[in-house]
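Written below as structure tokens is the structure these notes are about.
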Amino acid sequence: MGQVEAITQREIAADPEDVFDALADYSGTRRQLLPEHFSEYEVREGGDGKGTLVHWKLQATSKRVRDCLLEVDEPTDGQLVEKDRNSSMVTTWVVTPAGEKRAKVVVTTTWEGAGGIGGFFERTFAPKGLGRIYDALLDNLAAHVAK
């Protein structure tokens with residue numbers, strides 16, 4: 001087994017605080033940002049940043065669906081950490097200023113991957129697939145905050 005890591009980043013033409021608020025709004029905006037890879041979205045506790053418990057299913061490939069129950073924390077300003085209760089997966093969102101009315105968003109997802117040949121393929125292909133999914137989410141986020 002080895003740790004698998006997927007990183008996606010984007011600069012968005014919007015105030016960093018507005019970008020962060022949109023990401024942290026699990027009871028409203030976040031649902032609207034999710035691409036078709038996400039289903040069965042449900043806020044179970046909270047709904048705004050730290051203390052939120054949110055469920056969804058993530059269909060990474062045609063055969064791979066991950067049932068996620070995520071606890072949300074905000075360890076520092078501009079940072080959301082989603083820890084999956086059902087696996088080792090942790091997704092960290094970091095929003096920082098990138099100039100006037102611009103925000104840089106970095107999404108990092110890590111998890112303990114499989115061993116052997118399956119683990120090799122997971123480490124090789126899963127980060128690219130997850131990157132495409134988060135690229136779509138960041139496209140939706142950029143369009144949302146541009147309104």
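How things are named: the first chain in the structure tokens is A, the next is B, and so on; residues count from 1 in each chain; ligands count from 1 in the order shown.
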Quiz item: Skipping near chain neighbours, those fewer than 5 positions away, what residues fall within 7 Å of segment 131-135 of chain A using only C-alpha atoms, listed as a PyMOL selection string?
Solution: chain A and resi 6-8
Go ahead and save the residues from that selection, with C-alpha atoms, as a PDB file, in the first residue's frame.
ATOM      1  CA  ALA A   6      -4.190  14.128  -6.564  1.00  0.00           C
ATOM      2  CA  ILE A   7      -3.654  17.900  -6.806  1.00  0.00           C
ATOM      3  CA  THR A   8      -5.656  20.370  -8.883  1.00  0.00           C
TER       4      THR A   8
END
Exercise. With a distance cut-off of 9 Å and only C-alpha atoms, select the neighbouring residues of segment 18-33 of chain A, excluding the residue or stretch itself and same-chain residues fewer than 5 positions from it, and output the selection as an MDAnalysis selection string.
Key: chainID A and resid 12 41:43 46:50 52 54 72 78:80 93:96 103 105 136:142 144:145
Can you write just those residues out, N, CA and C atoms, as a PDB file, in the first residue's frame?
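Everything below was put into part-v3.pdb:
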ATOM      1  N   ILE A  12      -8.921  31.997  -9.945  1.00  0.00           N
ATOM      2  CA  ILE A  12     -10.295  32.405 -10.217  1.00  0.00           C
ATOM      3  C   ILE A  12     -10.394  33.911 -10.051  1.00  0.00           C
ATOM      4  N   TYR A  41     -26.221  13.523  -2.759  1.00  0.00           N
ATOM      5  CA  TYR A  41     -25.679  14.587  -1.904  1.00  0.00           C
ATOM      6  C   TYR A  41     -26.644  14.871  -0.757  1.00  0.00           C
ATOM      7  N   GLU A  42     -26.113  14.924   0.455  1.00  0.00           N
ATOM      8  CA  GLU A  42     -26.958  15.182   1.622  1.00  0.00           C
ATOM      9  C   GLU A  42     -26.125  15.781   2.752  1.00  0.00           C
ATOM     10  N   VAL A  43     -26.562  16.936   3.256  1.00  0.00           N
ATOM     11  CA  VAL A  43     -25.937  17.517   4.443  1.00  0.00           C
ATOM     12  C   VAL A  43     -26.618  16.892   5.652  1.00  0.00           C
ATOM     13  N   GLY A  46     -24.779  20.496  10.390  1.00  0.00           N
ATOM     14  CA  GLY A  46     -24.191  21.786  10.041  1.00  0.00           C
ATOM     15  C   GLY A  46     -24.622  22.229   8.661  1.00  0.00           C
ATOM     16  N   GLY A  47     -23.656  22.624   7.847  1.00  0.00           N
ATOM     17  CA  GLY A  47     -23.951  23.062   6.492  1.00  0.00           C
ATOM     18  C   GLY A  47     -23.075  24.202   6.038  1.00  0.00           C
ATOM     19  N   ASP A  48     -22.337  24.814   6.988  1.00  0.00           N
ATOM     20  CA  ASP A  48     -21.456  25.922   6.625  1.00  0.00           C
ATOM     21  C   ASP A  48     -20.093  25.712   7.275  1.00  0.00           C
ATOM     22  N   GLY A  49     -19.175  25.169   6.500  1.00  0.00           N
ATOM     23  CA  GLY A  49     -17.796  25.007   6.965  1.00  0.00           C
ATOM     24  C   GLY A  49     -17.639  24.040   8.122  1.00  0.00           C
ATOM     25  N   LYS A  50     -16.803  24.425   9.084  1.00  0.00           N
ATOM     26  CA  LYS A  50     -16.433  23.571  10.211  1.00  0.00           C
ATOM     27  C   LYS A  50     -17.671  23.008  10.909  1.00  0.00           C
ATOM     28  N   THR A  52     -19.547  20.640   9.633  1.00  0.00           N
ATOM     29  CA  THR A  52     -20.477  20.057   8.665  1.00  0.00           C
ATOM     30  C   THR A  52     -20.172  18.569   8.494  1.00  0.00           C
ATOM     31  N   VAL A  54     -21.263  15.852   5.647  1.00  0.00           N
ATOM     32  CA  VAL A  54     -21.920  15.784   4.344  1.00  0.00           C
ATOM     33  C   VAL A  54     -21.665  14.422   3.700  1.00  0.00           C
ATOM     34  N   VAL A  72     -16.154  18.020   8.008  1.00  0.00           N
ATOM     35  CA  VAL A  72     -15.481  19.216   7.523  1.00  0.00           C
ATOM     36  C   VAL A  72     -14.856  19.971   8.692  1.00  0.00           C
ATOM     37  N   GLY A  78      -9.042  30.218   5.258  1.00  0.00           N
ATOM     38  CA  GLY A  78      -8.904  29.881   3.846  1.00  0.00           C
ATOM     39  C   GLY A  78      -8.690  28.412   3.567  1.00  0.00           C
ATOM     40  N   GLN A  79      -8.898  27.553   4.578  1.00  0.00           N
ATOM     41  CA  GLN A  79      -8.649  26.128   4.400  1.00  0.00           C
ATOM     42  C   GLN A  79      -9.849  25.309   4.875  1.00  0.00           C
ATOM     43  N   LEU A  80     -10.312  24.416   4.014  1.00  0.00           N
ATOM     44  CA  LEU A  80     -11.347  23.435   4.358  1.00  0.00           C
ATOM     45  C   LEU A  80     -10.724  22.053   4.245  1.00  0.00           C
ATOM     46  N   TRP A  93      -8.945  21.863   0.720  1.00  0.00           N
ATOM     47  CA  TRP A  93      -9.156  23.014  -0.156  1.00  0.00           C
ATOM     48  C   TRP A  93      -8.443  24.196   0.466  1.00  0.00           C
ATOM     49  N   VAL A  94      -7.561  24.845  -0.284  1.00  0.00           N
ATOM     50  CA  VAL A  94      -6.865  26.033   0.206  1.00  0.00           C
ATOM     51  C   VAL A  94      -7.138  27.178  -0.767  1.00  0.00           C
ATOM     52  N   VAL A  95      -7.684  28.272  -0.226  1.00  0.00           N
ATOM     53  CA  VAL A  95      -7.987  29.458  -1.031  1.00  0.00           C
ATOM     54  C   VAL A  95      -7.107  30.592  -0.532  1.00  0.00           C
ATOM     55  N   THR A  96      -6.291  31.155  -1.423  1.00  0.00           N
ATOM     56  CA  THR A  96      -5.392  32.250  -1.058  1.00  0.00           C
ATOM     57  C   THR A  96      -5.529  33.386  -2.071  1.00  0.00           C
ATOM     58  N   ALA A 103      -8.306  34.825  -6.757  1.00  0.00           N
ATOM     59  CA  ALA A 103      -8.070  33.792  -5.749  1.00  0.00           C
ATOM     60  C   ALA A 103      -7.395  32.591  -6.393  1.00  0.00           C
ATOM     61  N   VAL A 105      -7.049  28.604  -5.886  1.00  0.00           N
ATOM     62  CA  VAL A 105      -7.663  27.476  -5.192  1.00  0.00           C
ATOM     63  C   VAL A 105      -6.816  26.240  -5.487  1.00  0.00           C
ATOM     64  N   ALA A 136     -13.632  20.176 -13.350  1.00  0.00           N
ATOM     65  CA  ALA A 136     -15.030  20.503 -13.658  1.00  0.00           C
ATOM     66  C   ALA A 136     -15.679  21.262 -12.506  1.00  0.00           C
ATOM     67  N   LEU A 137     -15.402  20.839 -11.272  1.00  0.00           N
ATOM     68  CA  LEU A 137     -15.947  21.544 -10.111  1.00  0.00           C
ATOM     69  C   LEU A 137     -15.412  22.973 -10.053  1.00  0.00           C
ATOM     70  N   LEU A 138     -14.122  23.149 -10.311  1.00  0.00           N
ATOM     71  CA  LEU A 138     -13.529  24.491 -10.276  1.00  0.00           C
ATOM     72  C   LEU A 138     -14.052  25.363 -11.420  1.00  0.00           C
ATOM     73  N   ASP A 139     -14.359  24.768 -12.572  1.00  0.00           N
ATOM     74  CA  ASP A 139     -15.019  25.516 -13.650  1.00  0.00           C
ATOM     75  C   ASP A 139     -16.358  26.052 -13.165  1.00  0.00           C
ATOM     76  N   ASN A 140     -17.127  25.176 -12.505  1.00  0.00           N
ATOM     77  CA  ASN A 140     -18.434  25.577 -11.984  1.00  0.00           C
ATOM     78  C   ASN A 140     -18.294  26.652 -10.908  1.00  0.00           C
ATOM     79  N   LEU A 141     -17.279  26.522 -10.058  1.00  0.00           N
ATOM     80  CA  LEU A 141     -17.028  27.515  -9.009  1.00  0.00           C
ATOM     81  C   LEU A 141     -16.691  28.867  -9.638  1.00  0.00           C
ATOM     82  N   ALA A 142     -15.810  28.875 -10.636  1.00  0.00           N
ATOM     83  CA  ALA A 142     -15.420  30.127 -11.290  1.00  0.00           C
ATOM     84  C   ALA A 142     -16.635  30.803 -11.929  1.00  0.00           C
ATOM     85  N   HIS A 144     -19.754  30.418 -11.018  1.00  0.00           N
ATOM     86  CA  HIS A 144     -20.668  30.841  -9.942  1.00  0.00           C
ATOM     87  C   HIS A 144     -20.235  32.191  -9.331  1.00  0.00           C
ATOM     88  N   VAL A 145     -18.961  32.310  -8.994  1.00  0.00           N
ATOM     89  CA  VAL A 145     -18.508  33.552  -8.322  1.00  0.00           C
ATOM     90  C   VAL A 145     -18.359  34.712  -9.290  1.00  0.00           C
TER      91      VAL A 145
END
Practice problem: Give the strand (DSSP E or B) residues of chain A, as DSSP finds them on the backbone, and put them as a ChimeraX atom specification. | Solution: /A:3-12,25,38-45,48,53-59,65-73,79-84,90-97,103-112
Exercise. Excluding segment 57-62 of chain A and residues on its chain fewer than 5 positions from it, collect all residues at most 6 Å away from it, counting only C-alpha atoms, and give them as a list in words.
Key: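 Result of the neighbour search: His37, Phe38, Ser39, Glu40, Asp67 and Cys68 of chain A.
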Go ahead and save the picked residues with N, CA, C and O atoms, as a PDB file, in the first residue's frame.
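Final file, again.pdb:
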ATOM      1  N   HIS A  37     -20.333  13.534 -11.568  1.00  0.00           N
ATOM      2  CA  HIS A  37     -19.677  12.423 -10.880  1.00  0.00           C
ATOM      3  C   HIS A  37     -20.162  12.257  -9.440  1.00  0.00           C
ATOM      4  O   HIS A  37     -19.868  11.253  -8.800  1.00  0.00           O
ATOM      5  N   PHE A  38     -20.872  13.254  -8.924  1.00  0.00           N
ATOM      6  CA  PHE A  38     -21.365  13.225  -7.555  1.00  0.00           C
ATOM      7  C   PHE A  38     -22.864  12.942  -7.557  1.00  0.00           C
ATOM      8  O   PHE A  38     -23.598  13.492  -8.370  1.00  0.00           O
ATOM      9  N   SER A  39     -23.305  12.107  -6.618  1.00  0.00           N
ATOM     10  CA  SER A  39     -24.734  11.810  -6.482  1.00  0.00           C
ATOM     11  C   SER A  39     -25.073  11.610  -5.009  1.00  0.00           C
ATOM     12  O   SER A  39     -24.174  11.529  -4.161  1.00  0.00           O
ATOM     13  N   GLU A  40     -26.363  11.519  -4.727  1.00  0.00           N
ATOM     14  CA  GLU A  40     -26.873  11.263  -3.373  1.00  0.00           C
ATOM     15  C   GLU A  40     -26.318  12.257  -2.353  1.00  0.00           C
ATOM     16  O   GLU A  40     -26.017  11.900  -1.216  1.00  0.00           O
ATOM     17  N   ASP A  67     -18.504   5.695  -1.633  1.00  0.00           N
ATOM     18  CA  ASP A  67     -19.527   6.229  -0.734  1.00  0.00           C
ATOM     19  C   ASP A  67     -18.803   7.054   0.328  1.00  0.00           C
ATOM     20  O   ASP A  67     -18.058   6.513   1.142  1.00  0.00           O
ATOM     21  N   CYS A  68     -19.004   8.379   0.310  1.00  0.00           N
ATOM     22  CA  CYS A  68     -18.240   9.290   1.157  1.00  0.00           C
ATOM     23  C   CYS A  68     -19.128   9.908   2.232  1.00  0.00           C
ATOM     24  O   CYS A  68     -20.225  10.389   1.938  1.00  0.00           O
TER      25      CYS A  68
END
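Those residues in segment 28-58 of chain A carrying a DSSP assignment of alpha helix (DSSP H), computed from the backbone, are A:Thr29, A:Arg30, A:Arg31, A:Gln32, A:Leu33.
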Could you save the residues just selected, with all heavy atoms, as a short mmCIF file (atom, residue, chain, number, x, y, z; two decimals), in the first residue's frame?
data_model
loop_
_atom_site.label_atom_id
_atom_site.label_comp_id
_atom_site.auth_asym_id
_atom_site.auth_seq_id
_atom_site.Cartn_x
_atom_site.Cartn_y
_atom_site.Cartn_z
N THR A 29 -24.57 26.42 -1.91
CA THR A 29 -23.76 26.56 -3.12
C THR A 29 -23.02 25.29 -3.52
O THR A 29 -22.96 24.95 -4.70
CB THR A 29 -22.74 27.71 -2.95
OG1 THR A 29 -23.45 28.88 -2.54
CG2 THR A 29 -22.00 27.99 -4.23
N ARG A 30 -22.42 24.58 -2.56
CA ARG A 30 -21.57 23.43 -2.92
C ARG A 30 -22.31 22.42 -3.79
O ARG A 30 -21.77 21.91 -4.77
CB ARG A 30 -21.03 22.78 -1.66
CG ARG A 30 -20.11 21.58 -1.91
CD ARG A 30 -18.84 21.95 -2.70
NE ARG A 30 -17.81 22.42 -1.85
CZ ARG A 30 -16.87 21.64 -1.31
NH1 ARG A 30 -16.82 20.36 -1.57
NH2 ARG A 30 -15.96 22.18 -0.53
N ARG A 31 -23.54 22.13 -3.45
CA ARG A 31 -24.33 21.17 -4.23
C ARG A 31 -24.41 21.61 -5.69
O ARG A 31 -24.32 20.79 -6.60
CB ARG A 31 -25.73 21.07 -3.64
CG ARG A 31 -26.68 20.21 -4.44
CD ARG A 31 -28.11 20.33 -3.95
NE ARG A 31 -28.28 20.22 -2.54
CZ ARG A 31 -28.66 19.10 -1.90
NH1 ARG A 31 -28.92 18.02 -2.59
NH2 ARG A 31 -28.80 19.09 -0.60
N GLN A 32 -24.55 22.92 -5.94
CA GLN A 32 -24.67 23.45 -7.29
C GLN A 32 -23.36 23.34 -8.09
O GLN A 32 -23.38 23.33 -9.32
CB GLN A 32 -25.09 24.92 -7.25
CG GLN A 32 -26.41 25.17 -6.57
CD GLN A 32 -26.60 26.65 -6.26
OE1 GLN A 32 -25.97 27.50 -6.89
NE2 GLN A 32 -27.45 26.95 -5.30
N LEU A 33 -22.23 23.26 -7.39
CA LEU A 33 -20.93 23.23 -8.04
C LEU A 33 -20.51 21.84 -8.50
O LEU A 33 -19.62 21.70 -9.33
CB LEU A 33 -19.86 23.77 -7.09
CG LEU A 33 -20.05 25.17 -6.53
CD1 LEU A 33 -18.93 25.49 -5.56
CD2 LEU A 33 -20.14 26.20 -7.63
#
Quiz item: By how many Å are atom CA of Thr92 of chain A and atom CA of Asp15 of chain A apart?
Solution: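 Atom-to-atom, atom CA of Thr92 of chain A to atom CA of Asp15 of chain A, that is 19.5 Å.
As for atom CA of Ala13 of chain A and atom CA of Met89 of chain A, they are spaced 29.2 Å apart.
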Quiz item: Given the choices A:Arg44, A:Arg10, A:Lys101, A:Lys147, which gets closest to Leu70 of chain A if the distance is worked out from only C-alpha atoms?
Solution: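 So, comparing all the options, the nearest one is A:Arg44.
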Quiz item: If we count only C-alpha atoms, what is near segment 85-87 of chain A at a cut-off of 10 Å, once residues fewer than 4 positions away on the same chain are taken out, given as a list in words?
Solution: Leu53, His55, Arg66, Asp67, Cys68, Leu69, Leu70, Glu71, Trp111 and Glu112 of chain A
Keeping only N, CA and C atoms, write the selected residues as a PDB file, in the first residue's frame.
ATOM      1  N   LEU A  53     -21.221  17.790   8.359  1.00  0.00           N
ATOM      2  CA  LEU A  53     -21.104  16.380   7.993  1.00  0.00           C
ATOM      3  C   LEU A  53     -21.929  16.222   6.725  1.00  0.00           C
ATOM      4  N   HIS A  55     -22.684  13.907   3.021  1.00  0.00           N
ATOM      5  CA  HIS A  55     -22.583  12.613   2.340  1.00  0.00           C
ATOM      6  C   HIS A  55     -22.741  12.821   0.837  1.00  0.00           C
ATOM      7  N   ARG A  66     -17.400   5.566  -4.901  1.00  0.00           N
ATOM      8  CA  ARG A  66     -16.958   5.682  -3.512  1.00  0.00           C
ATOM      9  C   ARG A  66     -18.068   6.355  -2.709  1.00  0.00           C
ATOM     10  N   ASP A  67     -18.504   5.695  -1.633  1.00  0.00           N
ATOM     11  CA  ASP A  67     -19.527   6.229  -0.734  1.00  0.00           C
ATOM     12  C   ASP A  67     -18.803   7.054   0.328  1.00  0.00           C
ATOM     13  N   CYS A  68     -19.004   8.379   0.310  1.00  0.00           N
ATOM     14  CA  CYS A  68     -18.240   9.290   1.157  1.00  0.00           C
ATOM     15  C   CYS A  68     -19.128   9.908   2.232  1.00  0.00           C
ATOM     16  N   LEU A  69     -18.647   9.900   3.458  1.00  0.00           N
ATOM     17  CA  LEU A  69     -19.290  10.604   4.570  1.00  0.00           C
ATOM     18  C   LEU A  69     -18.197  11.488   5.171  1.00  0.00           C
ATOM     19  N   LEU A  70     -18.267  12.779   4.877  1.00  0.00           N
ATOM     20  CA  LEU A  70     -17.157  13.685   5.147  1.00  0.00           C
ATOM     21  C   LEU A  70     -17.414  14.613   6.314  1.00  0.00           C
ATOM     22  N   GLU A  71     -16.447  14.656   7.219  1.00  0.00           N
ATOM     23  CA  GLU A  71     -16.429  15.627   8.311  1.00  0.00           C
ATOM     24  C   GLU A  71     -15.609  16.814   7.848  1.00  0.00           C
ATOM     25  N   TRP A 111      -5.148   9.483  -0.138  1.00  0.00           N
ATOM     26  CA  TRP A 111      -5.716   8.289   0.471  1.00  0.00           C
ATOM     27  C   TRP A 111      -4.696   7.170   0.402  1.00  0.00           C
ATOM     28  N   GLU A 112      -4.900   6.153   1.219  1.00  0.00           N
ATOM     29  CA  GLU A 112      -4.033   4.982   1.196  1.00  0.00           C
ATOM     30  C   GLU A 112      -4.492   4.080   0.069  1.00  0.00           C
TER      31      GLU A 112
END
Quiz item: So how far away is atom CA of Pro75 of chain A from atom CA of Thr91 of chain A, in Å?
Solution: 12.9 Å
Quiz item: Hey, which of A:Val65, A:Asp77, A:Val107, A:Arg102 ends up closest to Val90 of chain A? Count only C-alpha atoms.
Solution: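 When distances to Val90 of chain A are compared using only C-alpha atoms, the smallest one comes from A:Val107.
In this comparison, which uses only C-alpha atoms, the residue of A:Thr109, A:Glu17, A:Ala98, A:Leu34 approaching Lys83 of chain A most closely is A:Thr109.
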Exercise. Identify which of the residues A:Gly2, A:Pro35, A:Gly116, A:Pro16 lies closest to Lys104 of chain A, counting only C-alpha atoms when measuring atom-to-atom distances.
Key: A:Pro16
